[in-house]
file query06.tsv (TSV, C-alpha atoms and all ligand atoms)
chain	number	residue	atom	x	y	z
A	1	MET	CA	95.32	81.70	133.65
A	2	LEU	CA	97.21	78.96	135.50
A	3	HIS	CA	94.92	76.37	133.96
A	4	ALA	CA	95.62	77.66	130.44
A	5	LEU	CA	99.35	77.55	131.14
A	6	GLN	CA	99.10	73.99	132.40
A	7	GLU	CA	97.20	72.97	129.29
A	8	ALA	CA	99.76	74.58	126.99
A	9	PHE	CA	102.55	72.44	128.44
A	10	THR	CA	100.76	69.10	128.52
A	11	GLY	CA	99.53	66.54	126.02
A	12	GLU	CA	98.96	67.43	122.39
A	13	ASN	CA	99.63	71.13	122.85
A	14	MET	CA	103.12	70.65	124.21
A	15	LEU	CA	104.88	70.26	120.87
A	16	THR	CA	103.15	73.31	119.41
A	17	THR	CA	103.96	75.35	122.52
A	18	TRP	CA	107.65	74.43	122.36
A	19	LEU	CA	107.75	75.13	118.65
A	20	VAL	CA	106.18	78.57	119.13
A	21	LEU	CA	108.56	79.31	122.02
A	22	PHE	CA	111.52	78.15	119.91
A	23	LEU	CA	110.54	80.37	116.97
A	24	ALA	CA	109.75	83.32	119.23
A	25	SER	CA	113.08	83.06	121.07
A	26	GLY	CA	114.85	82.78	117.70
A	27	LEU	CA	113.08	85.94	116.55
A	28	VAL	CA	114.02	87.83	119.73
A	29	ALA	CA	117.63	86.58	119.56
A	30	GLY	CA	117.76	87.60	115.90
A	31	LEU	CA	116.52	91.11	116.73
A	32	VAL	CA	118.85	91.53	119.73
A	33	THR	CA	121.99	90.33	117.97
A	34	GLY	CA	121.28	92.32	114.81
A	35	PHE	CA	120.98	89.14	112.72
A	36	PHE	CA	117.94	90.48	110.86
A	37	LYS	CA	119.24	94.02	110.61
A	38	ALA	CA	122.41	92.83	108.89
A	39	ARG	CA	120.33	90.91	106.38
A	40	LYS	CA	117.83	93.61	105.48
A	41	ILE	CA	118.01	94.20	101.74
A	42	GLN	CA	116.69	97.80	101.65
A	43	PRO	CA	117.16	99.19	105.17
A	44	LYS	CA	115.10	102.34	104.59
A	45	GLY	CA	112.57	100.79	102.26
A	46	PHE	CA	109.65	100.16	104.60
A	47	LYS	CA	106.74	102.65	104.46
A	48	TRP	CA	103.72	102.28	106.77
A	49	LYS	CA	101.43	104.02	104.28
A	50	ILE	CA	102.20	101.51	101.53
A	51	PHE	CA	101.94	98.66	104.04
A	52	GLY	CA	98.40	99.77	104.93
A	53	GLN	CA	97.36	99.98	101.29
A	54	GLU	CA	98.84	96.54	100.66
A	55	ALA	CA	96.89	95.09	103.58
A	56	LEU	CA	93.64	96.34	102.04
A	57	VAL	CA	94.45	94.95	98.58
A	58	ALA	CA	95.55	91.64	100.12
A	59	LEU	CA	92.21	91.23	101.94
A	60	VAL	CA	90.13	91.93	98.82
A	61	THR	CA	92.30	89.69	96.63
A	62	LEU	CA	92.31	86.81	99.11
A	63	ALA	CA	88.51	86.94	99.37
A	64	ILE	CA	87.94	87.06	95.59
A	65	SER	CA	90.59	84.69	94.27
A	66	GLY	CA	90.27	82.32	97.25
A	67	THR	CA	86.58	81.89	96.47
A	68	VAL	CA	86.99	81.60	92.69
A	69	LEU	CA	89.97	79.21	92.82
A	70	GLY	CA	88.37	77.15	95.61
A	71	PHE	CA	85.12	76.67	93.68
A	72	GLY	CA	87.00	76.11	90.44
A	73	GLN	CA	89.19	73.40	91.87
A	74	THR	CA	86.22	71.64	93.53
A	75	TRP	CA	84.28	71.75	90.27
A	76	LEU	CA	87.23	70.31	88.32
A	77	ARG	CA	87.57	67.46	90.82
A	78	GLN	CA	83.86	66.66	90.95
A	79	ASN	CA	83.63	66.56	87.19
A	80	GLY	CA	86.62	64.33	86.76
A	81	TRP	CA	89.00	66.89	85.25
A	82	ILE	CA	91.36	66.49	88.18
A	83	ALA	CA	92.10	62.97	89.40
A	84	PHE	CA	94.92	61.63	91.54
A	85	GLN	CA	97.14	58.59	91.14
A	86	GLN	CA	96.07	55.79	93.47
A	87	GLY	CA	98.32	53.58	95.52
A	88	PRO	CA	101.70	54.15	97.12
A	89	ALA	CA	104.13	56.46	95.32
A	90	ALA	CA	107.82	55.69	94.79
A	91	TRP	CA	110.21	58.48	95.79
A	92	TRP	CA	111.25	59.03	92.19
A	93	GLU	CA	107.64	59.43	91.09
A	94	ILE	CA	107.16	62.17	93.65
A	95	ALA	CA	110.46	63.77	92.57
A	96	LEU	CA	109.40	63.65	88.91
A	97	GLU	CA	105.94	65.08	89.55
A	98	TYR	CA	107.30	67.79	91.83
A	99	GLY	CA	110.07	68.65	89.35
A	100	ALA	CA	107.51	68.95	86.53
A	101	TYR	CA	105.42	71.30	88.68
A	102	PHE	CA	108.45	73.37	89.75
A	103	LEU	CA	109.83	73.94	86.26
A	104	GLY	CA	106.33	74.16	84.76
A	105	PHE	CA	105.27	76.92	87.12
A	106	ASP	CA	108.57	78.74	86.67
A	107	THR	CA	108.14	78.81	82.88
A	108	TYR	CA	104.46	79.79	83.08
A	109	PHE	CA	105.22	82.54	85.59
A	110	TYR	CA	108.23	83.97	83.72
A	111	TRP	CA	106.47	84.44	80.38
A	112	LEU	CA	103.19	85.68	81.80
A	113	HIS	CA	105.13	88.03	84.09
A	114	ARG	CA	106.96	89.52	81.12
A	115	TRP	CA	103.65	89.87	79.29
A	116	MET	CA	102.17	91.62	82.34
A	117	HIS	CA	104.96	94.20	82.13
A	118	LYS	CA	103.68	95.38	78.75
A	119	GLU	CA	101.01	98.04	78.39
A	120	PRO	CA	98.06	98.02	78.66
A	121	VAL	CA	98.19	94.80	80.71
A	122	TYR	CA	100.67	96.38	83.10
A	123	SER	CA	98.33	99.22	84.14
A	124	TRP	CA	95.28	96.96	84.34
A	125	VAL	CA	96.75	93.96	86.07
A	126	HIS	CA	100.31	94.09	87.40
A	127	LYS	CA	100.88	97.71	88.46
A	128	LEU	CA	99.22	97.17	91.83
A	129	HIS	CA	101.82	94.60	92.87
A	130	HIS	CA	104.61	97.03	92.00
A	131	HIS	CA	103.26	99.67	94.36
A	132	SER	CA	106.03	98.72	96.75
A	133	THR	CA	109.59	99.21	95.48
A	134	ALA	CA	110.88	97.64	98.71
A	135	PRO	CA	108.75	94.53	99.23
A	136	ASN	CA	107.63	93.20	102.61
A	137	LEU	CA	105.69	90.05	103.52
A	138	LEU	CA	102.33	91.63	102.67
A	139	THR	CA	103.50	92.53	99.16
A	140	THR	CA	103.19	88.80	98.40
A	141	LEU	CA	99.42	89.03	98.70
A	142	SER	CA	99.06	92.57	97.42
A	143	VAL	CA	98.19	91.75	93.83
A	144	ASN	CA	95.28	92.54	91.56
A	145	PRO	CA	92.68	89.72	91.89
A	146	LEU	CA	93.10	89.11	88.15
A	147	GLU	CA	96.81	88.52	88.62
A	148	SER	CA	96.29	86.14	91.51
A	149	LEU	CA	93.79	84.21	89.36
A	150	ILE	CA	96.33	84.03	86.52
A	151	ASN	CA	99.15	82.81	88.77
A	152	GLY	CA	96.89	80.68	90.99
A	153	GLY	CA	95.33	79.14	87.89
A	154	PHE	CA	98.52	77.24	87.12
A	155	LEU	CA	98.02	74.50	89.72
A	156	PRO	CA	94.48	73.43	88.67
A	157	LEU	CA	95.60	73.58	85.02
A	158	PHE	CA	98.67	71.48	85.78
A	159	LEU	CA	96.65	68.93	87.80
A	160	ALA	CA	94.10	68.64	84.99
A	161	LEU	CA	96.87	67.88	82.47
A	162	TYR	CA	98.99	65.64	84.70
A	163	SER	CA	97.47	63.39	87.33
A	164	VAL	CA	99.92	63.25	90.21
A	165	HIS	CA	100.08	61.46	93.55
A	166	PRO	CA	98.48	63.24	96.54
A	167	GLU	CA	101.94	63.22	98.21
A	168	SER	CA	103.35	65.40	95.40
A	169	LEU	CA	100.44	67.82	95.65
A	170	ALA	CA	101.14	68.11	99.39
A	171	LEU	CA	104.55	69.59	98.48
A	172	MET	CA	103.31	71.92	95.73
A	173	GLY	CA	100.95	74.11	97.76
A	174	PRO	CA	103.48	74.94	100.51
A	175	THR	CA	106.17	75.66	97.86
A	176	THR	CA	104.01	78.41	96.33
A	177	ILE	CA	103.30	79.95	99.73
A	178	ILE	CA	106.83	79.72	101.19
A	179	MET	CA	108.53	80.98	98.01
A	180	GLY	CA	106.06	83.86	97.71
A	181	PHE	CA	106.65	85.04	101.27
A	182	TYR	CA	110.40	84.44	101.19
A	183	VAL	CA	111.12	86.43	98.00
A	184	HIS	CA	109.07	89.37	99.33
A	185	SER	CA	110.41	89.19	102.89
A	186	GLY	CA	112.90	92.03	102.41
A	187	TYR	CA	115.61	89.92	104.08
A	188	GLU	CA	118.34	87.76	102.54
A	189	PHE	CA	119.16	84.61	104.49
A	190	PHE	CA	121.17	82.74	101.86
A	191	PRO	CA	124.99	82.60	101.96
A	192	ARG	CA	127.23	84.70	99.72
A	193	TRP	CA	128.41	81.71	97.68
A	194	TRP	CA	124.84	80.97	96.54
A	195	ASN	CA	125.17	82.45	93.04
A	196	LYS	CA	128.68	81.10	92.55
A	197	SER	CA	127.87	77.45	93.09
A	198	TRP	CA	126.69	75.56	90.03
A	199	ALA	CA	124.22	73.63	92.17
A	200	THR	CA	122.43	76.63	93.69
A	201	LYS	CA	122.74	79.58	91.31
A	202	TRP	CA	119.64	78.45	89.40
A	203	PHE	CA	117.33	79.10	92.33
A	204	ILE	CA	116.14	82.63	93.01
A	205	THR	CA	116.60	84.34	96.34
A	206	ALA	CA	114.91	87.26	98.11
A	207	THR	CA	117.51	89.69	96.70
A	208	PHE	CA	116.68	88.54	93.17
A	209	HIS	CA	112.99	89.39	93.42
A	210	ASP	CA	113.62	92.42	95.63
A	211	GLN	CA	115.64	93.87	92.75
A	212	HIS	CA	112.72	93.19	90.41
A	213	HIS	CA	110.65	95.53	92.58
A	214	LYS	CA	113.47	98.07	92.91
A	215	TYR	CA	114.79	98.19	89.34
A	216	PHE	CA	111.69	96.92	87.56
A	217	ASN	CA	112.79	95.61	84.16
A	218	TYR	CA	114.96	92.72	85.36
A	219	ASN	CA	114.68	89.40	87.21
A	220	PHE	CA	111.25	88.16	86.12
A	221	GLY	CA	111.68	84.54	87.28
A	222	GLY	CA	109.41	83.07	89.95
A	223	TYR	CA	111.39	80.04	91.17
A	224	THR	CA	114.53	79.89	89.05
A	225	THR	CA	116.96	82.19	87.28
A	226	ILE	CA	116.97	79.93	84.21
A	227	TRP	CA	114.70	81.95	81.88
A	228	ASP	CA	116.27	85.24	82.96
A	229	ARG	CA	119.71	83.85	82.17
A	230	ILE	CA	118.60	82.47	78.79
A	231	CYS	CA	116.76	85.67	77.77
A	232	GLY	CA	119.31	88.10	79.20
A	233	THR	CA	116.82	89.72	81.57
A	234	MET	CA	118.84	89.09	84.74
A	235	ARG	CA	120.13	92.35	86.24
A	236	LYS	CA	123.84	92.64	85.47
A	237	LYS	CA	124.78	93.85	88.94
A	238	PHE	CA	122.58	91.35	90.73
A	239	GLU	CA	125.35	88.89	91.55
A	240	SER	CA	127.80	91.52	92.80
A	241	ASP	CA	125.06	93.21	94.84
A	242	PHE	CA	124.16	89.87	96.36
A	243	GLU	CA	127.72	89.27	97.53
A	244	ASN	CA	128.50	92.81	98.47
A	245	PRO	CA	126.63	94.26	101.42
A	246	ARG	CA	123.41	92.62	100.29
A	247	GLY	CA	122.50	94.84	97.36
A	248	ARG	CA	121.66	97.65	99.74
A	249	LYS	CA	123.40	100.34	97.73
A	250	PRO	CA	121.02	103.00	96.43
A	251	ALA	CA	120.03	102.83	92.78
A	252	ARG	CA	122.81	104.15	90.57
A	253	GLN	CA	122.82	105.68	87.11
A	254	GLY	CA	122.29	103.15	84.39
A	255	ASP	CA	119.68	101.29	86.40
A	256	ALA	CA	116.14	101.64	85.20
A	257	PRO	CA	114.26	103.58	87.87
A	258	ALA	CA	111.42	101.85	89.61
A	259	GLY	CA	108.04	102.99	88.38
A	260	ASP	CA	106.36	102.70	85.05
A	261	PRO	CA	107.69	100.34	82.40
A	262	GLN	CA	110.47	101.50	80.11
A	263	PRO	CA	109.88	101.34	76.39
A	264	ALA	CA	111.35	98.04	75.21
B	1	ZN	ZN	106.69	92.52	87.90
B	2	ZN	ZN	106.79	90.66	93.69

call {"tool": "encode", "arguments": {"input": "query06.tsv", "output": "structure tokens"}}
result
Amino acid sequence: MLHALQEAFTGENMLTTWLVLFLASGLVAGLVTGFFKARKIQPKGFKWKIFGQEALVALVTLAISGTVLGFGQTWLRQNGWIAFQQGPAAWWEIALEYGAYFLGFDTYFYWLHRWMHKEPVYSWVHKLHHHSTAPNLLTTLSVNPLESLINGGFLPLFLALYSVHPESLALMGPTTIIMGFYVHSGYEFFPRWWNKSWATKWFITATFHDQHHKYFNYNFGGYTTIWDRICGTMRKKFESDFENPRGRKPARQGDAPAGDPQPA
């Protein structure tokens, strides 16, 4: 026991240990001071039963799509469909490649997401992800394997069409993961001015996607609000809910109820 403790605080492990301690103390402080509670988007939304079902779906989906996408990507690389730029990358090249990925994925996701809300695709593919009307971290992974192949298929497709630097790719993977978990976290950490500032209002937040799960026929965007703003699919009360006690008001009349799709 003592030996393990000594090892945790020396050499290579030290940084990790301090980082874990820092995050853990932040989490405890956040819980004690009510920081998280104040930022919960749907305070009574969490249901253990749904959480359990989501855990099961997540495991199956991870196993299936992880295997298929892993093999697919390896095959594409070995057969020369995916190749990377050699040599050092300038900062603007990385910015350009990353920007193309970011906006490319956002467009791909928005239109396929809208398509997945139409029957019969909705029942076959997307309904499973909408099981939870108040998302939590596990909801991110609780998708039909077909849906995770559709969404996960973007990156190999993009890399086959556009050969980027390995440095850019190193940013793309984490973006998918962090954004996925953040928008389903059930907590809003961004400041109230977020949707008022011209520089930031284009980027979605947890409240934005949370309302997609709660009200269903709005807010389809994956990374940005751009397509929703252009196509008029952004929820009208989204911005006022975001500013006002975090959109935690119960659904009111005039909002489409969560559940099956409304006739368009
Ligand atoms: Zn949806
Ligand atoms: Zn979702």

call {"tool": "residues_around", "arguments": {"input": "query06.tsv", "residues": "Arg229 (chain A)", "least_positions_apart": "3", "cutoff": "12 Å", "atoms": "only C-alpha atoms", "output": "tab-separated table (two decimals) with C-alpha atoms, in the frame of the given file"}}
result
chain	number	residue	atom	x	y	z
A	110	TYR	CA	108.23	83.97	83.72
A	201	LYS	CA	122.74	79.58	91.31
A	202	TRP	CA	119.64	78.45	89.40
A	203	PHE	CA	117.33	79.10	92.33
A	204	ILE	CA	116.14	82.63	93.01
A	218	TYR	CA	114.96	92.72	85.36
A	219	ASN	CA	114.68	89.40	87.21
A	220	PHE	CA	111.25	88.16	86.12
A	221	GLY	CA	111.68	84.54	87.28
A	224	THR	CA	114.53	79.89	89.05
A	225	THR	CA	116.96	82.19	87.28
A	226	ILE	CA	116.97	79.93	84.21
A	232	GLY	CA	119.31	88.10	79.20
A	233	THR	CA	116.82	89.72	81.57
A	234	MET	CA	118.84	89.09	84.74
A	235	ARG	CA	120.13	92.35	86.24
A	236	LYS	CA	123.84	92.64	85.47
A	238	PHE	CA	122.58	91.35	90.73

call {"tool": "residues_near_point", "arguments": {"input": "query06.tsv", "point": "(92.2, 81.5, 98.7)", "cutoff": "12 Å", "atoms": "all atoms listed in the file", "output": "ChimeraX atom specification"}}
result
/A:58-73,141,145,148-149,152-153,173,177

call {"tool": "write_last_selection", "arguments": {"input": "query06.tsv", "atoms": "C-alpha atoms", "output": "CSV table (one decimal), keeping the file's coordinate frame"}}
result
chain,number,residue,atom,x,y,z
A,58,ALA,CA,95.6,91.6,100.1
A,59,LEU,CA,92.2,91.2,101.9
A,60,VAL,CA,90.1,91.9,98.8
A,61,THR,CA,92.3,89.7,96.6
A,62,LEU,CA,92.3,86.8,99.1
A,63,ALA,CA,88.5,86.9,99.4
A,64,ILE,CA,87.9,87.1,95.6
A,65,SER,CA,90.6,84.7,94.3
A,66,GLY,CA,90.3,82.3,97.2
A,67,THR,CA,86.6,81.9,96.5
A,68,VAL,CA,87.0,81.6,92.7
A,69,LEU,CA,90.0,79.2,92.8
A,70,GLY,CA,88.4,77.2,95.6
A,71,PHE,CA,85.1,76.7,93.7
A,72,GLY,CA,87.0,76.1,90.4
A,73,GLN,CA,89.2,73.4,91.9
A,141,LEU,CA,99.4,89.0,98.7
A,145,PRO,CA,92.7,89.7,91.9
A,148,SER,CA,96.3,86.1,91.5
A,149,LEU,CA,93.8,84.2,89.4
A,152,GLY,CA,96.9,80.7,91.0
A,153,GLY,CA,95.3,79.1,87.9
A,173,GLY,CA,101.0,74.1,97.8
A,177,ILE,CA,103.3,80.0,99.7

call {"tool": "closest_atom_pairs", "arguments": {"input": "query06.tsv", "of": "chain A", "to": "ligand ZN 2 (chain B)", "cutoff": "7 Å", "atoms": "all atoms listed in the file", "output": "Markdown table"}}
result
| residue | atom | partner | partner_atom | distance |
| --- | --- | --- | --- | --- |
| A:His129 | CA | B:ZN2 | ZN | 6.4 |
| A:His130 | CA | B:ZN2 | ZN | 6.9 |
| A:Thr139 | CA | B:ZN2 | ZN | 6.7 |
| A:Thr140 | CA | B:ZN2 | ZN | 6.2 |
| A:His184 | CA | B:ZN2 | ZN | 6.2 |
| A:His209 | CA | B:ZN2 | ZN | 6.3 |
| A:His213 | CA | B:ZN2 | ZN | 6.3 |

call {"tool": "residues_around", "arguments": {"input": "query06.tsv", "residues": "Glu93 (chain A)", "least_positions_apart": "5", "cutoff": "9 Å", "atoms": "all atoms listed in the file", "output": "PyMOL selection string"}}
result
chain A and resi 98+164-165+168

call {"tool": "closest_residue", "arguments": {"input": "query06.tsv", "among": "A:Ser25, A:Asn217, A:Ser185, A:Ser132", "to": "ligand ZN 1 (chain B)", "atoms": "all atoms listed in the file"}}
result
A:Asn217

call {"tool": "closest_residue", "arguments": {"input": "query06.tsv", "among": "A:Asn151, A:Thr176, A:Phe189, A:Ser163", "to": "Gly80 (chain A)", "atoms": "all atoms listed in the file"}}
result
A:Ser163

call {"tool": "residues_around", "arguments": {"input": "query06.tsv", "residues": "Gln85 (chain A)", "least_positions_apart": "2", "cutoff": "12 Å", "atoms": "all atoms listed in the file", "output": "list in words"}}
result
Ile82, Ala83, Gly87, Pro88, Ala89, Ala90, Glu93, Ile94, Glu97, Leu159, Tyr162, Ser163, Val164, His165, Pro166, Glu167, Ser168 and Leu169 of chain A

call {"tool": "atom_distance", "arguments": {"input": "query06.tsv", "atom1": "CA of Tyr223 (chain A)", "atom2": "CA of Phe105 (chain A)"}}
result
8.0 Å

call {"tool": "residues_around", "arguments": {"input": "query06.tsv", "residues": "Pro191 (chain A)", "least_positions_apart": "3", "cutoff": "12 Å", "atoms": "only C-alpha atoms", "output": "number ranges by chain"}}
result
A: 39, 188, 194-197, 200-201, 205-207, 242-246

call {"tool": "closest_residue", "arguments": {"input": "query06.tsv", "among": "A:Ser240, A:Thr175, A:Thr133, A:Thr17", "to": "ligand ZN 1 (chain B)", "atoms": "only C-alpha atoms and all ligand atoms"}}
result
A:Thr133

call {"tool": "closest_residue", "arguments": {"input": "query06.tsv", "among": "A:Asn144, A:Thr16, A:Asn79, A:Gln42", "to": "Gln211 (chain A)", "atoms": "all atoms listed in the file"}}
result
A:Gln42

call {"tool": "closest_residue", "arguments": {"input": "query06.tsv", "among": "A:His117, A:Trp124, A:Pro156, A:Ala170", "to": "ligand ZN 1 (chain B)", "atoms": "all atoms listed in the file"}}
result
A:His117

call {"tool": "closest_residue", "arguments": {"input": "query06.tsv", "among": "A:Tyr108, A:Phe216, A:Trp198, A:Phe154", "to": "His126 (chain A)", "atoms": "only C-alpha atoms"}}
result
A:Phe216

call {"tool": "atom_distance", "arguments": {"input": "query06.tsv", "atom1": "CA of Met172 (chain A)", "atom2": "CA of Ile150 (chain A)"}}
result
16.7 Å

call {"tool": "atom_distance", "arguments": {"input": "query06.tsv", "atom1": "CA of Phe84 (chain A)", "atom2": "CA of Gly104 (chain A)"}}
result
18.3 Å

call {"tool": "residues_around", "arguments": {"input": "query06.tsv", "residues": "Leu137 (chain A)", "least_positions_apart": "5", "cutoff": "10 Å", "atoms": "only C-alpha atoms", "output": "JSON, numbers by chain"}}
result
{"A": [51, 54, 142, 180, 181, 182, 183, 184, 185, 186, 187]}

call {"tool": "decode", "arguments": {"input": "query06.tsv", "residues": "region 199-222 of chain A", "atoms": "N, CA, C and O atoms", "output": "compact mmCIF listing (two decimals), in the first residue's frame"}}
result
# COMPACT_ATOMS: atom_id res chain seq x y z
N ALA A 199 -19.04 36.19 -32.35
CA ALA A 199 -17.94 35.25 -32.50
C ALA A 199 -18.30 33.85 -32.02
O ALA A 199 -17.74 32.87 -32.50
N THR A 200 -19.22 33.73 -31.07
CA THR A 200 -19.46 32.42 -30.46
C THR A 200 -20.82 31.80 -30.78
O THR A 200 -20.98 30.59 -30.62
N LYS A 201 -21.79 32.62 -31.21
CA LYS A 201 -23.14 32.09 -31.36
C LYS A 201 -23.28 31.00 -32.42
O LYS A 201 -24.31 30.34 -32.49
N TRP A 202 -22.25 30.81 -33.23
CA TRP A 202 -22.29 29.80 -34.29
C TRP A 202 -21.95 28.41 -33.76
O TRP A 202 -22.12 27.41 -34.46
N PHE A 203 -21.45 28.33 -32.55
CA PHE A 203 -21.04 27.03 -32.02
C PHE A 203 -22.08 26.50 -31.05
O PHE A 203 -22.55 27.23 -30.18
N ILE A 204 -22.47 25.24 -31.22
CA ILE A 204 -23.52 24.70 -30.37
C ILE A 204 -23.01 24.47 -28.95
O ILE A 204 -21.82 24.40 -28.70
N THR A 205 -23.96 24.37 -28.04
CA THR A 205 -23.64 24.14 -26.64
C THR A 205 -24.47 22.95 -26.17
O THR A 205 -25.29 22.44 -26.92
N ALA A 206 -24.26 22.54 -24.92
CA ALA A 206 -25.01 21.40 -24.38
C ALA A 206 -26.51 21.68 -24.40
O ALA A 206 -27.31 20.81 -24.74
N THR A 207 -26.90 22.91 -24.06
CA THR A 207 -28.34 23.26 -24.04
C THR A 207 -28.97 23.07 -25.42
O THR A 207 -30.10 22.59 -25.54
N PHE A 208 -28.21 23.42 -26.44
CA PHE A 208 -28.70 23.32 -27.82
C PHE A 208 -29.09 21.88 -28.15
O PHE A 208 -30.19 21.60 -28.62
N HIS A 209 -28.19 20.95 -27.88
CA HIS A 209 -28.48 19.55 -28.22
C HIS A 209 -29.43 18.91 -27.20
O HIS A 209 -30.22 18.04 -27.54
N ASP A 210 -29.35 19.37 -25.96
CA ASP A 210 -30.28 18.88 -24.93
C ASP A 210 -31.71 19.15 -25.38
O ASP A 210 -32.61 18.32 -25.23
N GLN A 211 -31.93 20.35 -25.94
CA GLN A 211 -33.27 20.70 -26.41
C GLN A 211 -33.67 19.89 -27.64
O GLN A 211 -34.86 19.69 -27.88
N HIS A 212 -32.70 19.40 -28.40
CA HIS A 212 -33.04 18.49 -29.50
C HIS A 212 -33.66 17.21 -28.94
O HIS A 212 -34.62 16.69 -29.47
N HIS A 213 -33.10 16.73 -27.83
CA HIS A 213 -33.64 15.52 -27.21
C HIS A 213 -34.98 15.79 -26.52
O HIS A 213 -35.85 14.93 -26.47
N LYS A 214 -35.14 17.00 -25.98
CA LYS A 214 -36.35 17.31 -25.22
C LYS A 214 -37.52 17.69 -26.13
O LYS A 214 -38.65 17.29 -25.90
N TYR A 215 -37.25 18.48 -27.15
CA TYR A 215 -38.33 19.00 -28.01
C TYR A 215 -38.35 18.39 -29.39
O TYR A 215 -39.23 18.69 -30.19
N PHE A 216 -37.31 17.62 -29.71
CA PHE A 216 -37.30 16.73 -30.86
C PHE A 216 -37.13 17.32 -32.26
O PHE A 216 -36.22 16.93 -32.97
N ASN A 217 -37.99 18.22 -32.70
CA ASN A 217 -37.91 18.63 -34.10
C ASN A 217 -37.10 19.89 -34.35
O ASN A 217 -37.30 20.57 -35.36
N TYR A 218 -36.19 20.21 -33.45
CA TYR A 218 -35.37 21.42 -33.59
C TYR A 218 -33.91 21.08 -33.32
O TYR A 218 -33.60 20.03 -32.79
N ASN A 219 -33.05 22.04 -33.66
CA ASN A 219 -31.62 21.97 -33.29
C ASN A 219 -30.95 20.66 -33.75
O ASN A 219 -30.53 19.85 -32.94
N PHE A 220 -30.82 20.52 -35.07
CA PHE A 220 -30.24 19.29 -35.61
C PHE A 220 -28.71 19.34 -35.72
O PHE A 220 -28.08 18.31 -35.93
N GLY A 221 -28.12 20.51 -35.62
CA GLY A 221 -26.68 20.68 -35.86
C GLY A 221 -25.80 19.87 -34.93
O GLY A 221 -26.17 19.60 -33.78
N GLY A 222 -24.63 19.45 -35.43
CA GLY A 222 -23.70 18.65 -34.64
C GLY A 222 -22.60 19.48 -34.00
O GLY A 222 -22.21 19.23 -32.86
